[in-house]
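Student: Contents of start15.txt (compact mmCIF, C-alpha atoms):
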# COMPACT_ATOMS: atom_id res chain seq x y z
CA MET A 1 22.57 -137.25 -160.02
CA VAL A 2 20.77 -138.02 -163.28
CA ASP A 3 17.00 -137.65 -163.13
CA VAL A 4 15.62 -140.36 -165.39
CA GLY A 5 11.95 -140.05 -164.60
CA ALA A 6 10.97 -137.67 -167.38
CA HIS A 7 13.08 -139.42 -170.00
CA ALA A 8 12.12 -143.05 -169.52
CA GLU A 9 11.79 -145.02 -172.77
CA SER A 10 11.67 -148.74 -173.46
CA GLY A 11 15.25 -149.94 -173.69
CA ASN A 12 14.26 -152.40 -176.40
CA ASP A 13 12.49 -149.73 -178.46
CA LEU A 14 15.48 -147.41 -178.11
CA ALA A 15 17.93 -150.15 -179.12
CA GLN A 16 15.84 -151.21 -182.11
CA GLY A 17 15.43 -147.63 -183.23
CA PHE A 18 19.18 -147.14 -183.00
CA VAL A 19 20.01 -150.28 -185.00
CA GLN A 20 17.57 -149.22 -187.71
CA PHE A 21 19.06 -145.72 -187.75
CA ALA A 22 22.61 -147.12 -188.01
CA VAL A 23 21.65 -149.43 -190.89
CA GLU A 24 19.78 -146.70 -192.79
CA SER A 25 22.72 -144.31 -192.29
CA GLY A 26 25.18 -146.83 -193.75
CA VAL A 27 27.07 -146.93 -190.45
CA LEU A 28 26.15 -150.55 -189.74
CA ARG A 29 27.00 -152.63 -192.80
CA PHE A 30 26.90 -156.29 -193.72
CA GLY A 31 29.42 -158.29 -195.73
CA GLU A 32 32.86 -159.56 -194.74
CA PHE A 33 35.10 -157.35 -192.63
CA LYS A 34 38.37 -158.07 -190.83
CA THR A 35 38.36 -157.00 -187.17
CA LYS A 36 41.30 -155.85 -185.06
CA ALA A 37 41.44 -159.37 -183.66
CA GLY A 38 41.86 -160.77 -187.18
CA ARG A 39 38.37 -162.29 -187.31
CA LEU A 40 36.16 -162.12 -190.39
CA SER A 41 33.02 -160.42 -189.17
CA PRO A 42 29.75 -160.44 -191.15
CA TYR A 43 28.98 -156.91 -189.99
CA PHE A 44 30.88 -153.68 -189.38
CA PHE A 45 29.98 -150.63 -187.33
CA ASN A 46 31.81 -147.43 -188.32
CA ALA A 47 30.69 -144.49 -186.17
CA GLY A 48 32.89 -142.20 -188.29
CA LEU A 49 30.11 -142.37 -190.90
CA PHE A 50 27.77 -140.39 -188.67
CA ASP A 51 29.23 -137.60 -190.74
CA ASP A 52 26.70 -134.81 -191.02
CA GLY A 53 24.81 -132.62 -188.60
CA ARG A 54 21.53 -134.50 -188.73
CA LYS A 55 23.08 -137.92 -188.17
CA LEU A 56 25.42 -136.72 -185.43
CA GLY A 57 22.58 -134.95 -183.66
CA ARG A 58 20.39 -138.07 -183.82
CA LEU A 59 23.27 -140.18 -182.53
CA ALA A 60 23.71 -137.82 -179.57
CA GLU A 61 19.99 -138.14 -178.86
CA PHE A 62 20.29 -141.92 -178.64
CA TYR A 63 23.30 -141.65 -176.30
CA ALA A 64 21.51 -139.14 -174.06
CA LYS A 65 18.32 -141.19 -173.84
CA ALA A 66 20.26 -144.38 -173.07
CA LEU A 67 22.25 -142.62 -170.36
CA LEU A 68 19.23 -140.98 -168.77
CA ALA A 69 17.38 -144.30 -168.76
CA SER A 70 20.38 -146.20 -167.31
CA GLY A 71 20.36 -144.45 -163.95
CA ILE A 72 24.15 -144.11 -164.07
CA GLU A 73 25.25 -141.09 -162.06
CA PHE A 74 28.02 -138.85 -163.39
CA ASP A 75 29.28 -135.31 -162.98
CA MET A 76 30.85 -134.69 -166.39
CA VAL A 77 31.65 -136.35 -169.72
CA PHE A 78 35.02 -137.05 -171.29
CA GLY A 79 35.78 -137.82 -174.94
CA PRO A 80 39.01 -139.70 -175.71
CA ALA A 81 40.78 -138.51 -178.87
CA TYR A 82 39.82 -138.73 -181.59
CA LYS A 83 36.34 -140.21 -182.15
CA GLY A 84 35.31 -139.49 -178.60
CA ILE A 85 35.77 -135.73 -179.01
CA PRO A 86 32.71 -134.96 -181.18
CA LEU A 87 30.75 -137.60 -179.28
CA ALA A 88 31.39 -135.96 -175.90
CA ALA A 89 30.61 -132.50 -177.25
CA THR A 90 27.35 -133.43 -178.99
CA VAL A 91 26.16 -135.67 -176.15
CA ALA A 92 26.80 -132.84 -173.67
CA VAL A 93 24.70 -130.54 -175.87
CA GLU A 94 21.89 -133.10 -176.08
CA LEU A 95 21.96 -133.83 -172.35
CA ALA A 96 21.59 -130.10 -171.71
CA ARG A 97 18.68 -129.96 -174.15
CA GLN A 98 17.03 -132.75 -172.17
CA GLY A 99 17.55 -130.93 -168.89
CA ARG A 100 20.85 -132.40 -167.69
CA ASN A 101 23.63 -129.83 -168.13
CA VAL A 102 27.11 -131.23 -167.42
CA PRO A 103 30.66 -130.08 -168.26
CA PHE A 104 32.73 -131.93 -170.86
CA ALA A 105 36.40 -132.33 -171.66
CA TYR A 106 38.64 -134.22 -174.07
CA ASN A 107 42.30 -134.95 -174.59
CA ARG A 108 44.85 -134.31 -177.30
CA LYS A 109 47.03 -137.13 -178.59
CA GLU A 110 50.08 -134.86 -178.32
CA ALA A 111 50.70 -132.35 -175.55
CA LYS A 112 50.50 -128.69 -176.57
CA ASP A 113 53.68 -126.77 -175.69
CA HIS A 114 52.24 -123.25 -176.05
CA GLY A 115 49.15 -121.35 -174.96
CA GLU A 116 47.43 -123.23 -172.15
CA GLY A 117 49.63 -126.29 -172.83
CA GLY A 118 48.96 -129.86 -171.75
CA THR A 119 46.86 -132.63 -173.22
CA LEU A 120 43.45 -131.87 -171.68
CA VAL A 121 40.94 -129.42 -173.16
CA GLY A 122 37.63 -128.20 -171.77
CA ALA A 123 36.29 -128.32 -168.25
CA PRO A 124 38.60 -129.46 -165.43
CA LEU A 125 38.29 -133.17 -164.73
CA ARG A 126 36.40 -133.43 -161.45
CA GLY A 127 34.04 -135.81 -159.71
CA ARG A 128 32.60 -138.89 -161.39
CA VAL A 129 33.61 -138.91 -165.04
CA LEU A 130 31.67 -140.61 -167.84
CA ILE A 131 33.83 -141.68 -170.79
CA ILE A 132 32.05 -141.59 -174.16
CA ASP A 133 33.29 -143.67 -177.10
CA ASP A 134 31.83 -145.51 -180.09
CA VAL A 135 32.66 -149.18 -179.54
CA MET A 136 34.95 -151.15 -177.27
CA SER A 137 37.24 -153.71 -178.88
CA ALA A 138 39.89 -154.38 -176.25
CA GLY A 139 39.36 -151.81 -173.50
CA THR A 140 42.60 -150.05 -174.44
CA ALA A 141 41.00 -146.63 -174.93
CA ALA A 142 39.17 -147.03 -171.63
CA ARG A 143 42.41 -147.82 -169.76
CA GLU A 144 44.15 -144.81 -171.31
CA SER A 145 41.23 -142.55 -170.37
CA ILE A 146 41.17 -143.95 -166.84
CA ALA A 147 44.85 -143.10 -166.39
CA LEU A 148 44.29 -139.51 -167.61
CA ILE A 149 41.26 -139.03 -165.39
CA GLN A 150 42.96 -140.43 -162.30
CA ALA A 151 46.08 -138.34 -162.94
CA ALA A 152 43.85 -135.26 -162.87
CA GLY A 153 42.43 -136.27 -159.49
CA ALA A 154 38.98 -137.26 -160.77
CA THR A 155 37.15 -140.60 -160.64
CA PRO A 156 36.62 -142.69 -163.79
CA HIS A 157 33.09 -143.91 -163.18
CA ALA A 158 31.40 -145.20 -166.32
CA VAL A 159 31.69 -145.70 -170.08
CA ALA A 160 29.01 -145.08 -172.70
CA ILE A 161 29.30 -146.79 -176.08
CA ALA A 162 27.04 -147.04 -179.10
CA LEU A 163 27.29 -150.80 -179.77
CA ASP A 164 28.35 -153.71 -177.59
CA ARG A 165 29.53 -156.47 -179.93
CA GLN A 166 29.28 -159.01 -177.07
CA GLU A 167 32.24 -161.00 -178.39
CA LYS A 168 35.34 -162.49 -176.86
CA ALA A 169 38.31 -160.21 -176.38
CA THR A 170 41.82 -161.31 -177.28
CA GLU A 171 44.91 -161.28 -175.09
CA ASN A 172 48.34 -162.01 -176.54
CA GLY A 173 46.71 -163.22 -179.73
CA ARG A 174 44.34 -165.65 -177.99
CA ASP A 175 40.62 -165.54 -177.42
CA VAL A 176 39.54 -165.18 -173.80
CA SER A 177 36.19 -165.97 -172.22
CA HIS A 178 35.20 -162.36 -171.51
CA SER A 179 34.40 -159.40 -173.74
CA ALA A 180 36.03 -155.98 -173.56
CA VAL A 181 32.86 -154.63 -171.95
CA GLN A 182 32.89 -157.38 -169.32
CA TYR A 183 36.56 -156.64 -168.64
CA VAL A 184 35.83 -152.96 -168.07
CA ARG A 185 32.93 -153.80 -165.78
CA GLN A 186 34.51 -156.64 -163.81
CA GLN A 187 38.22 -155.81 -163.78
CA LEU A 188 38.25 -152.01 -164.02
CA GLY A 189 35.10 -151.51 -161.97
CA LEU A 190 33.35 -149.10 -164.33
CA GLN A 191 29.69 -149.18 -165.28
CA VAL A 192 29.00 -149.51 -169.02
CA CYS A 193 25.99 -148.16 -170.89
CA ALA A 194 25.51 -149.39 -174.47
CA ILE A 195 22.78 -148.02 -176.71
CA ALA A 196 22.46 -151.41 -178.42
CA THR A 197 24.08 -154.86 -178.38
CA LEU A 198 24.69 -157.69 -180.80
CA ALA A 199 21.55 -159.34 -179.40
CA ASP A 200 19.59 -156.23 -180.42
CA LEU A 201 21.07 -156.45 -183.91
CA LEU A 202 19.98 -160.09 -184.22
CA LEU A 203 16.48 -159.14 -183.08
CA TYR A 204 16.35 -156.40 -185.70
CA LEU A 205 17.38 -158.86 -188.40
CA SER A 206 14.78 -161.36 -187.19
CA ASP A 207 12.03 -158.74 -187.36
CA ALA A 208 12.85 -157.74 -190.94
CA GLN A 209 9.89 -159.68 -192.31
CA GLY A 210 10.01 -160.86 -195.89
CA SER A 211 13.58 -159.73 -196.51
CA ALA A 212 15.68 -162.58 -197.85
CA ALA A 213 18.79 -160.42 -197.64
CA MET A 214 18.23 -159.64 -193.96
CA ALA A 215 17.50 -163.31 -193.26
CA ALA A 216 20.81 -164.26 -194.85
CA HIS A 217 22.62 -161.60 -192.83
CA ARG A 218 21.00 -162.90 -189.64
CA GLU A 219 22.26 -166.44 -190.25
CA LYS A 220 25.80 -165.19 -190.74
CA VAL A 221 25.70 -162.88 -187.70
CA LEU A 222 24.21 -165.67 -185.59
CA ALA A 223 26.95 -168.08 -186.69
CA TYR A 224 29.55 -165.45 -185.80
CA ARG A 225 28.02 -164.99 -182.37
CA GLN A 226 27.95 -168.73 -181.77
CA GLN A 227 31.68 -168.88 -182.57
CA TYR A 228 32.91 -165.73 -180.80
CA GLY A 229 30.09 -164.59 -178.51
CA VAL A 230 30.39 -164.38 -174.74
CA ASP A 231 28.06 -165.66 -172.06
CA GLU A 232 26.06 -162.68 -170.84
CA GLY A 233 24.45 -164.66 -168.01
If you convert what's in this file into structure tokens, what do you get?

Tutor:
Amino acid sequence: MVDVGAHAESGNDLAQGFVQFAVESGVLRFGEFKTKAGRLSPYFFNAGLFDDGRKLGRLAEFYAKALLASGIEFDMVFGPAYKGIPLAATVAVELARQGRNVPFAYNRKEAKDHGEGGTLVGAPLRGRVLIIDDVMSAGTAARESIALIQAAGATPHAVAIALDRQEKATENGRDVSHSAVQYVRQQLGLQVCAIATLADLLLYLSDAQGSAAMAAHREKVLAYRQQYGVDEG
């Protein structure tokens, strides 16, 4: 069980700190970007640009603090190939640094036919497994991870992501009323912990006093949310 008492921090402060960190690191960018769903988004989050030791370590700290504050219970962490691999490893290190030592594992895209063989690397998958990824667009990675975890006899229990875009998912080329995160929660039965959400991003843009550029970005992000956002009520 995760002990959150010694690690409590305002969720809003943590989320705002993370958004600021992502913007300053060039990971969260503004402009015009085409999403997997074919939408033109006014912002883009690319966790692959947490590309040095300092940034990756700070990212892991945000994940660990969000998880410890969430109260979600888990026995180990799992990183789906490929982006989830360094995330699971660094978050496991940071959790241990904060007093919560848990095993971690990850998968290969292709099975290894020599040595230990197989597709899974690291600790054996056991107990309640926390899946760590960057964002969730359609829930596909989560479903694949769930299948791997269940096949190993463990329990897929929760997912941790950096940013919840809070926008409608697509099915067969059509928008649906729920987001990928809502699908994972409601249909797959997993808890989801996000460091920050689109609402947190809008708050950050609103608080950027005196910045005409940020004000312009906020209007575009808000318009995008009004068109594609989901009801979080």

Student: For stretch 68-107 of chain A versus stretch 145-164 of chain A, which residues have an atom no more than 12 Å away, and what is each residue's nearest atom pair and distance in Å rounded to one decimal, using all atoms listed in the file, chain-then-number order, as a Markdown table?

Tutor:
| residue | atom | partner | partner_atom | distance |
| --- | --- | --- | --- | --- |
| A:Leu68 | CA | A:Ala160 | CA | 11.3 |
| A:Ser70 | CA | A:Ala160 | CA | 10.2 |
| A:Gly71 | CA | A:Ala158 | CA | 11.3 |
| A:Ile72 | CA | A:Ala158 | CA | 7.7 |
| A:Glu73 | CA | A:His157 | CA | 8.4 |
| A:Phe74 | CA | A:His157 | CA | 7.2 |
| A:Asp75 | CA | A:His157 | CA | 9.4 |
| A:Met76 | CA | A:His157 | CA | 10.0 |
| A:Val77 | CA | A:Val159 | CA | 9.4 |
| A:Phe78 | CA | A:Ser145 | CA | 8.3 |
| A:Gly79 | CA | A:Ser145 | CA | 8.5 |
| A:Pro80 | CA | A:Ser145 | CA | 6.4 |
| A:Ala81 | CA | A:Ser145 | CA | 9.4 |
| A:Tyr82 | CA | A:Ser145 | CA | 11.9 |
| A:Lys83 | CA | A:Ile161 | CA | 11.4 |
| A:Gly84 | CA | A:Ile161 | CA | 9.8 |
| A:Leu87 | CA | A:Ile161 | CA | 9.8 |
| A:Ala88 | CA | A:Ala160 | CA | 10.0 |
| A:Val91 | CA | A:Ala160 | CA | 10.4 |
| A:Ala105 | CA | A:Ile149 | CA | 10.4 |
| A:Tyr106 | CA | A:Ser145 | CA | 9.5 |
| A:Asn107 | CA | A:Leu148 | CA | 8.6 |

Student: Just the residues within 7 Å of stretch 43-49 of chain A, please, counting all atoms listed in the file, with nothing from its chain fewer than 2 positions along; format it as a ChimeraX atom specification.

Tutor: /A:27-33,41,51,134

Student: Tell me which of A:Ala169, A:Leu125, A:Ala216, A:Cys193 sits closest to A:Ser137, counting only C-alpha atoms.

Tutor: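 Selected residue with least distance to A:Ser137: A:Ala169.
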
Student: Calculate how many Å separate atom CA of A:Ala223 from atom CA of A:Ser211, rounding to one decimal.

Tutor: 18.6 Å

Student: Give me the residues near A:Leu95 as a PDB file with C-alpha atoms, in the frame of the given file, where near means some atom within 10 Å (using all atoms listed in the file) and where sequence neighbours in that chain fewer than 2 positions away do not count.

Tutor:
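Result file result27.pdb:
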ATOM      1  CA  ALA A  60      23.710-137.820-179.570  1.00  0.00           C
ATOM      2  CA  GLU A  61      19.990-138.140-178.860  1.00  0.00           C
ATOM      3  CA  TYR A  63      23.300-141.650-176.300  1.00  0.00           C
ATOM      4  CA  ALA A  64      21.510-139.140-174.060  1.00  0.00           C
ATOM      5  CA  LYS A  65      18.320-141.190-173.840  1.00  0.00           C
ATOM      6  CA  LEU A  67      22.250-142.620-170.360  1.00  0.00           C
ATOM      7  CA  LEU A  68      19.230-140.980-168.770  1.00  0.00           C
ATOM      8  CA  THR A  90      27.350-133.430-178.990  1.00  0.00           C
ATOM      9  CA  VAL A  91      26.160-135.670-176.150  1.00  0.00           C
ATOM     10  CA  ALA A  92      26.800-132.840-173.670  1.00  0.00           C
ATOM     11  CA  VAL A  93      24.700-130.540-175.870  1.00  0.00           C
ATOM     12  CA  ARG A  97      18.680-129.960-174.150  1.00  0.00           C
ATOM     13  CA  GLN A  98      17.030-132.750-172.170  1.00  0.00           C
ATOM     14  CA  GLY A  99      17.550-130.930-168.890  1.00  0.00           C
ATOM     15  CA  ARG A 100      20.850-132.400-167.690  1.00  0.00           C
ATOM     16  CA  ASN A 101      23.630-129.830-168.130  1.00  0.00           C
ATOM     17  CA  VAL A 102      27.110-131.230-167.420  1.00  0.00           C
TER      18      VAL A 102
END

Student: Find the distance between atom CA of A:Ser206 and atom CA of A:Glu219 and write it in Å to one decimal.

Tutor: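 Calculated distance between atom CA of A:Ser206 and atom CA of A:Glu219 is 9.5 Å.
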
Student: In terms of the shortest atom-to-atom distance over all atoms listed in the file, which of A:Val176, A:Ile132, A:Leu40, A:Ala66 is closest to A:Ala196?

Tutor: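 Smallest separation from A:Ala196 among the options: A:Ala66.
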
Student: To one decimal in Å, tell me the separation between atom CA of A:Leu56 and atom CA of A:Tyr183.

Tutor: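 Separation of atom CA of A:Leu56 and atom CA of A:Tyr183: 28.3 Å.
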